[in-house]
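my_file26.pdb follows (PDB, C-alpha atoms):
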```
ATOM      1  CA  MET T 296      64.718  27.194 -38.641  1.00  0.00           C
ATOM      2  CA  ASN T 297      62.212  26.702 -35.833  1.00  0.00           C
ATOM      3  CA  ALA T 298      63.021  26.308 -32.128  1.00  0.00           C
ATOM      4  CA  GLU T 299      62.887  22.501 -32.316  1.00  0.00           C
ATOM      5  CA  ASP T 300      65.401  22.452 -35.182  1.00  0.00           C
ATOM      6  CA  SER T 301      67.674  24.668 -33.111  1.00  0.00           C
ATOM      7  CA  VAL T 302      67.494  22.274 -30.146  1.00  0.00           C
ATOM      8  CA  ILE T 303      68.114  19.234 -32.367  1.00  0.00           C
ATOM      9  CA  GLY T 304      71.033  21.073 -33.978  1.00  0.00           C
ATOM     10  CA  ARG T 305      72.519  21.768 -30.555  1.00  0.00           C
ATOM     11  CA  ILE T 306      72.091  18.124 -29.547  1.00  0.00           C
ATOM     12  CA  GLU T 307      73.781  16.937 -32.739  1.00  0.00           C
ATOM     13  CA  THR T 308      76.687  19.313 -32.223  1.00  0.00           C
ATOM     14  CA  GLU T 309      77.080  18.487 -28.542  1.00  0.00           C
ATOM     15  CA  VAL T 310      77.056  14.726 -29.173  1.00  0.00           C
ATOM     16  CA  ALA T 311      79.686  15.135 -31.891  1.00  0.00           C
ATOM     17  CA  LEU T 312      81.801  17.235 -29.538  1.00  0.00           C
ATOM     18  CA  LEU T 313      81.286  14.754 -26.696  1.00  0.00           C
ATOM     19  CA  MET T 314      82.663  11.911 -28.800  1.00  0.00           C
ATOM     20  CA  ARG T 315      85.597  14.024 -29.992  1.00  0.00           C
ATOM     21  CA  PHE T 316      86.484  15.389 -26.548  1.00  0.00           C
ATOM     22  CA  ALA T 317      86.139  11.973 -24.912  1.00  0.00           C
ATOM     23  CA  GLU T 318      88.608  10.454 -27.369  1.00  0.00           C
ATOM     24  CA  ALA T 319      90.997  13.407 -27.080  1.00  0.00           C
ATOM     25  CA  THR T 320      90.843  13.198 -23.275  1.00  0.00           C
ATOM     26  CA  ARG T 321      91.538   9.457 -23.336  1.00  0.00           C
ATOM     27  CA  ARG T 322      94.553   9.954 -25.596  1.00  0.00           C
ATOM     28  CA  ALA T 323      95.938  12.924 -23.670  1.00  0.00           C
ATOM     29  CA  ILE T 324      95.888  11.355 -20.230  1.00  0.00           C
ATOM     30  CA  PRO T 325      99.246   9.759 -19.478  1.00  0.00           C
ATOM     31  CA  VAL T 326      97.720   7.263 -17.044  1.00  0.00           C
ATOM     32  CA  GLU T 327      98.230   3.773 -18.446  1.00  0.00           C
ATOM     33  CA  ALA T 328      94.920   2.567 -17.027  1.00  0.00           C
ATOM     34  CA  HIS T 329      93.038   4.708 -19.548  1.00  0.00           C
ATOM     35  CA  ARG T 330      94.834   2.980 -22.412  1.00  0.00           C
ATOM     36  CA  SER T 331      94.904  -0.511 -20.965  1.00  0.00           C
ATOM     37  CA  LEU T 332      91.936  -1.622 -23.090  1.00  0.00           C
ATOM     38  CA  ASP T 333      90.404  -0.441 -26.317  1.00  0.00           C
ATOM     39  CA  ARG T 334      86.772   0.651 -26.257  1.00  0.00           C
ATOM     40  CA  ALA T 335      85.422  -2.606 -27.677  1.00  0.00           C
ATOM     41  CA  ALA T 336      87.254  -4.780 -25.157  1.00  0.00           C
ATOM     42  CA  TYR T 337      86.184  -2.539 -22.285  1.00  0.00           C
ATOM     43  CA  VAL T 338      82.500  -2.687 -23.230  1.00  0.00           C
ATOM     44  CA  ILE T 339      82.590  -6.456 -23.777  1.00  0.00           C
ATOM     45  CA  LEU T 340      84.295  -7.041 -20.432  1.00  0.00           C
ATOM     46  CA  ARG T 341      81.840  -4.728 -18.645  1.00  0.00           C
ATOM     47  CA  TYR T 342      78.944  -6.691 -20.108  1.00  0.00           C
ATOM     48  CA  LEU T 343      80.470 -10.079 -19.271  1.00  0.00           C
ATOM     49  CA  ASP T 344      81.144  -8.882 -15.729  1.00  0.00           C
ATOM     50  CA  GLU T 345      77.491  -7.877 -15.310  1.00  0.00           C
ATOM     51  CA  ALA T 346      75.782 -10.686 -17.245  1.00  0.00           C
ATOM     52  CA  GLY T 347      78.175 -13.610 -16.893  1.00  0.00           C
ATOM     53  CA  PRO T 348      79.286 -15.900 -19.724  1.00  0.00           C
ATOM     54  CA  GLN T 349      77.570 -15.199 -23.056  1.00  0.00           C
ATOM     55  CA  ASN T 350      77.558 -16.610 -26.538  1.00  0.00           C
ATOM     56  CA  ILE T 351      78.661 -14.486 -29.487  1.00  0.00           C
ATOM     57  CA  SER T 352      75.066 -13.876 -30.589  1.00  0.00           C
ATOM     58  CA  ALA T 353      74.117 -12.449 -27.185  1.00  0.00           C
ATOM     59  CA  LEU T 354      77.201 -10.214 -27.177  1.00  0.00           C
ATOM     60  CA  ALA T 355      76.451  -9.019 -30.711  1.00  0.00           C
ATOM     61  CA  ALA T 356      72.832  -8.264 -29.809  1.00  0.00           C
ATOM     62  CA  ARG T 357      73.828  -6.379 -26.647  1.00  0.00           C
ATOM     63  CA  LEU T 358      76.426  -4.310 -28.503  1.00  0.00           C
ATOM     64  CA  ASN T 359      74.325  -3.826 -31.655  1.00  0.00           C
ATOM     65  CA  LEU T 360      77.095  -5.305 -33.767  1.00  0.00           C
ATOM     66  CA  ASP T 361      77.338  -7.967 -36.418  1.00  0.00           C
ATOM     67  CA  GLY T 362      78.319 -11.409 -35.110  1.00  0.00           C
ATOM     68  CA  SER T 363      81.418 -11.498 -37.313  1.00  0.00           C
ATOM     69  CA  THR T 364      82.631  -8.217 -35.817  1.00  0.00           C
ATOM     70  CA  VAL T 365      82.185  -9.538 -32.285  1.00  0.00           C
ATOM     71  CA  THR T 366      83.891 -12.812 -33.262  1.00  0.00           C
ATOM     72  CA  ARG T 367      86.970 -10.855 -34.416  1.00  0.00           C
ATOM     73  CA  GLN T 368      86.988  -8.733 -31.256  1.00  0.00           C
ATOM     74  CA  VAL T 369      86.606 -11.797 -29.040  1.00  0.00           C
ATOM     75  CA  GLY T 370      89.419 -13.535 -30.920  1.00  0.00           C
ATOM     76  CA  ALA T 371      91.762 -10.621 -30.279  1.00  0.00           C
ATOM     77  CA  MET T 372      90.713 -10.506 -26.631  1.00  0.00           C
ATOM     78  CA  GLU T 373      91.281 -14.241 -26.260  1.00  0.00           C
ATOM     79  CA  ARG T 374      94.815 -13.883 -27.644  1.00  0.00           C
ATOM     80  CA  GLU T 375      95.442 -11.192 -25.002  1.00  0.00           C
ATOM     81  CA  GLY T 376      94.123 -13.455 -22.246  1.00  0.00           C
ATOM     82  CA  LEU T 377      91.179 -11.150 -21.485  1.00  0.00           C
ATOM     83  CA  ILE T 378      88.466 -13.698 -22.161  1.00  0.00           C
ATOM     84  CA  ALA T 379      88.152 -17.471 -22.355  1.00  0.00           C
ATOM     85  CA  ARG T 380      85.855 -19.662 -24.420  1.00  0.00           C
ATOM     86  CA  GLU T 381      84.189 -22.810 -23.194  1.00  0.00           C
ATOM     87  CA  ALA T 382      81.603 -25.215 -24.532  1.00  0.00           C
ATOM     88  CA  ASP T 383      78.028 -24.039 -24.051  1.00  0.00           C
ATOM     89  CA  PRO T 384      76.380 -26.646 -21.808  1.00  0.00           C
ATOM     90  CA  SER T 385      72.955 -25.839 -23.310  1.00  0.00           C
ATOM     91  CA  ASP T 386      74.187 -26.145 -26.919  1.00  0.00           C
ATOM     92  CA  GLY T 387      76.997 -28.587 -27.609  1.00  0.00           C
ATOM     93  CA  ARG T 388      77.846 -26.834 -30.886  1.00  0.00           C
ATOM     94  CA  GLY T 389      78.169 -23.389 -29.334  1.00  0.00           C
ATOM     95  CA  THR T 390      80.653 -21.690 -27.102  1.00  0.00           C
ATOM     96  CA  LEU T 391      80.361 -19.276 -24.228  1.00  0.00           C
ATOM     97  CA  VAL T 392      82.685 -16.353 -23.726  1.00  0.00           C
ATOM     98  CA  SER T 393      83.649 -15.343 -20.205  1.00  0.00           C
ATOM     99  CA  ALA T 394      85.986 -12.749 -18.742  1.00  0.00           C
ATOM    100  CA  THR T 395      89.242 -14.003 -17.265  1.00  0.00           C
ATOM    101  CA  ALA T 396      90.609 -12.747 -13.961  1.00  0.00           C
ATOM    102  CA  SER T 397      93.183 -10.758 -15.937  1.00  0.00           C
ATOM    103  CA  GLY T 398      90.475  -9.259 -18.134  1.00  0.00           C
ATOM    104  CA  LEU T 399      88.391  -8.270 -15.124  1.00  0.00           C
ATOM    105  CA  ARG T 400      91.425  -6.689 -13.431  1.00  0.00           C
ATOM    106  CA  ARG T 401      92.225  -4.591 -16.495  1.00  0.00           C
ATOM    107  CA  MET T 402      88.587  -3.606 -16.947  1.00  0.00           C
ATOM    108  CA  SER T 403      88.391  -2.593 -13.280  1.00  0.00           C
ATOM    109  CA  MET T 404      91.533  -0.458 -13.640  1.00  0.00           C
ATOM    110  CA  VAL T 405      90.038   1.364 -16.622  1.00  0.00           C
ATOM    111  CA  ARG T 406      86.680   1.745 -14.893  1.00  0.00           C
ATOM    112  CA  LEU T 407      88.288   3.210 -11.771  1.00  0.00           C
ATOM    113  CA  ALA T 408      90.474   5.589 -13.785  1.00  0.00           C
ATOM    114  CA  ARG T 409      87.440   6.787 -15.759  1.00  0.00           C
ATOM    115  CA  ALA T 410      85.347   7.185 -12.609  1.00  0.00           C
ATOM    116  CA  GLU T 411      88.104   9.288 -11.031  1.00  0.00           C
ATOM    117  CA  LEU T 412      88.368  11.419 -14.168  1.00  0.00           C
ATOM    118  CA  TYR T 413      84.612  12.058 -14.357  1.00  0.00           C
ATOM    119  CA  ASP T 414      84.437  12.686 -10.618  1.00  0.00           C
ATOM    120  CA  GLU T 415      87.144  15.333 -10.993  1.00  0.00           C
ATOM    121  CA  MET T 416      85.572  16.928 -14.072  1.00  0.00           C
ATOM    122  CA  LEU T 417      82.107  17.030 -12.501  1.00  0.00           C
ATOM    123  CA  ALA T 418      83.249  18.064  -9.011  1.00  0.00           C
ATOM    124  CA  SER T 419      81.470  21.417  -9.222  1.00  0.00           C
ATOM    125  CA  TRP T 420      78.194  19.817 -10.357  1.00  0.00           C
ATOM    126  CA  THR T 421      75.448  19.124  -7.865  1.00  0.00           C
ATOM    127  CA  GLU T 422      74.470  15.534  -7.183  1.00  0.00           C
ATOM    128  CA  ALA T 423      71.127  16.282  -8.856  1.00  0.00           C
ATOM    129  CA  ASP T 424      72.896  17.500 -12.016  1.00  0.00           C
ATOM    130  CA  ARG T 425      75.091  14.392 -12.044  1.00  0.00           C
ATOM    131  CA  ALA T 426      72.024  12.177 -11.618  1.00  0.00           C
ATOM    132  CA  ASP T 427      70.210  14.034 -14.415  1.00  0.00           C
ATOM    133  CA  LEU T 428      73.190  13.582 -16.726  1.00  0.00           C
ATOM    134  CA  ALA T 429      73.343   9.859 -15.967  1.00  0.00           C
ATOM    135  CA  THR T 430      69.611   9.507 -16.619  1.00  0.00           C
ATOM    136  CA  LEU T 431      69.713  11.425 -19.883  1.00  0.00           C
ATOM    137  CA  LEU T 432      72.794   9.593 -21.161  1.00  0.00           C
ATOM    138  CA  THR T 433      71.071   6.284 -20.380  1.00  0.00           C
ATOM    139  CA  ARG T 434      67.996   7.395 -22.305  1.00  0.00           C
ATOM    140  CA  LEU T 435      70.138   8.536 -25.249  1.00  0.00           C
ATOM    141  CA  ASN T 436      71.999   5.213 -25.356  1.00  0.00           C
ATOM    142  CA  GLU T 437      68.717   3.288 -25.157  1.00  0.00           C
ATOM    143  CA  ALA T 438      67.278   5.340 -28.033  1.00  0.00           C
ATOM    144  CA  LEU T 439      70.406   4.758 -30.119  1.00  0.00           C
ATOM    145  CA  SER T 440      70.280   1.037 -29.375  1.00  0.00           C
ATOM    146  CA  GLU T 441      66.583   0.751 -30.204  1.00  0.00           C
ATOM    147  CA  ARG T 442      67.084   2.585 -33.490  1.00  0.00           C
ATOM    148  CA  THR T 443      69.941   0.311 -34.495  1.00  0.00           C
ATOM    149  CA  GLN T 444      67.950  -2.804 -33.632  1.00  0.00           C
ATOM    150  CA  ALA T 445      64.900  -1.556 -35.538  1.00  0.00           C
ATOM    151  CA  ARG T 446      67.003  -0.843 -38.648  1.00  0.00           C
ATOM    152  CA  ARG T 447      68.472  -4.338 -38.532  1.00  0.00           C
ATOM    153  CA  ARG T 448      64.993  -5.897 -38.359  1.00  0.00           C
ATOM    154  CA  SER T 449      63.756  -3.988 -41.398  1.00  0.00           C
TER     155      SER T 449
END
```
Structure translated into structure tokens:
Amino acid sequence: MNAEDSVIGRIETEVALLMRFAEATRRAIPVEAHRSLDRAAYVILRYLDEAGPQNISALAARLNLDGSTVTRQVGAMEREGLIAREADPSDGRGTLVSATASGLRRMSMVRLARAELYDEMLASWTEADRADLATLLTRLNEALSERTQARRRS
């Protein structure tokens, strides 16, 4: 095993642990805000909050998911009153999905609870270390997204 393999092995292990610890932390925290939304609903609401109303295809592309998967998630969210559908003014056959006030409130509660948790966990880190982590996580997510999109095209 060369040095590069060792680094890649560490990255693989650390990412696996990150996903496991993140889920365990979410489940172990008694604060209701952390459990107010499932991951899919949270990510969809975050995107709708940033980008505004979107059609299912745009949501699926942004989340690197199949349209049918997003349609099911949106249906469940609509039943919970988290999102609303309306006719797409640019395409009479299509619909746009937008976050409701209730959905945005719940998303904001989760976002605040997560921000407080990460702020507490990273309290001993320097601002530079926090910024580096944010930058590297962004790059990792972009690489994962690009890989998924490339595999779908081929």
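If you look at atom CA of T:Asp361 and atom CA of T:Tyr342, they are 16.4 Å away from each other.
Those residues returned by the PyMOL selection byres ((chain T and resi 382) around 12) for this file are Pro348, Gln349, Asn350, Ala379, Arg380, Glu381, Asp383, Pro384, Ser385, Asp386, Gly387, Arg388, Gly389, Thr390, Leu391, Val392 and Ser393 of chain T.
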Mind dumping the selected residues with C-alpha atoms as a short mmCIF file (atom, residue, chain, number, x, y, z; two decimals), in the frame of the given file?
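Now in selection-v5.cif:
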```cif
data_model
loop_
_atom_site.label_atom_id
_atom_site.label_comp_id
_atom_site.auth_asym_id
_atom_site.auth_seq_id
_atom_site.Cartn_x
_atom_site.Cartn_y
_atom_site.Cartn_z
CA PRO T 348 79.29 -15.90 -19.72
CA GLN T 349 77.57 -15.20 -23.06
CA ASN T 350 77.56 -16.61 -26.54
CA ALA T 379 88.15 -17.47 -22.36
CA ARG T 380 85.86 -19.66 -24.42
CA GLU T 381 84.19 -22.81 -23.19
CA ASP T 383 78.03 -24.04 -24.05
CA PRO T 384 76.38 -26.65 -21.81
CA SER T 385 72.96 -25.84 -23.31
CA ASP T 386 74.19 -26.14 -26.92
CA GLY T 387 77.00 -28.59 -27.61
CA ARG T 388 77.85 -26.83 -30.89
CA GLY T 389 78.17 -23.39 -29.33
CA THR T 390 80.65 -21.69 -27.10
CA LEU T 391 80.36 -19.28 -24.23
CA VAL T 392 82.68 -16.35 -23.73
CA SER T 393 83.65 -15.34 -20.20
#
```
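When only C-alpha atoms are used to measure the gap to T:Leu399, the shortest distance among T:Asp414, T:Asp344, T:Asp300, T:Glu307 belongs to T:Asp344.
Note that atom CA of T:Leu312 and atom CA of T:Thr364 are 26.2 Å apart.
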Take the PyMOL selection byres ((chain T and resi 340) around 12), run it mentally on this structure, and tell me the resulting residues as an NGL selection string.
:T and (332-339 or 341-349 or 354 or 358 or 368-369 or 372-373 or 376-379 or 392-406)
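Between atom CA of T:Val302 and atom CA of T:Ala418 lies a distance of 26.7 Å.
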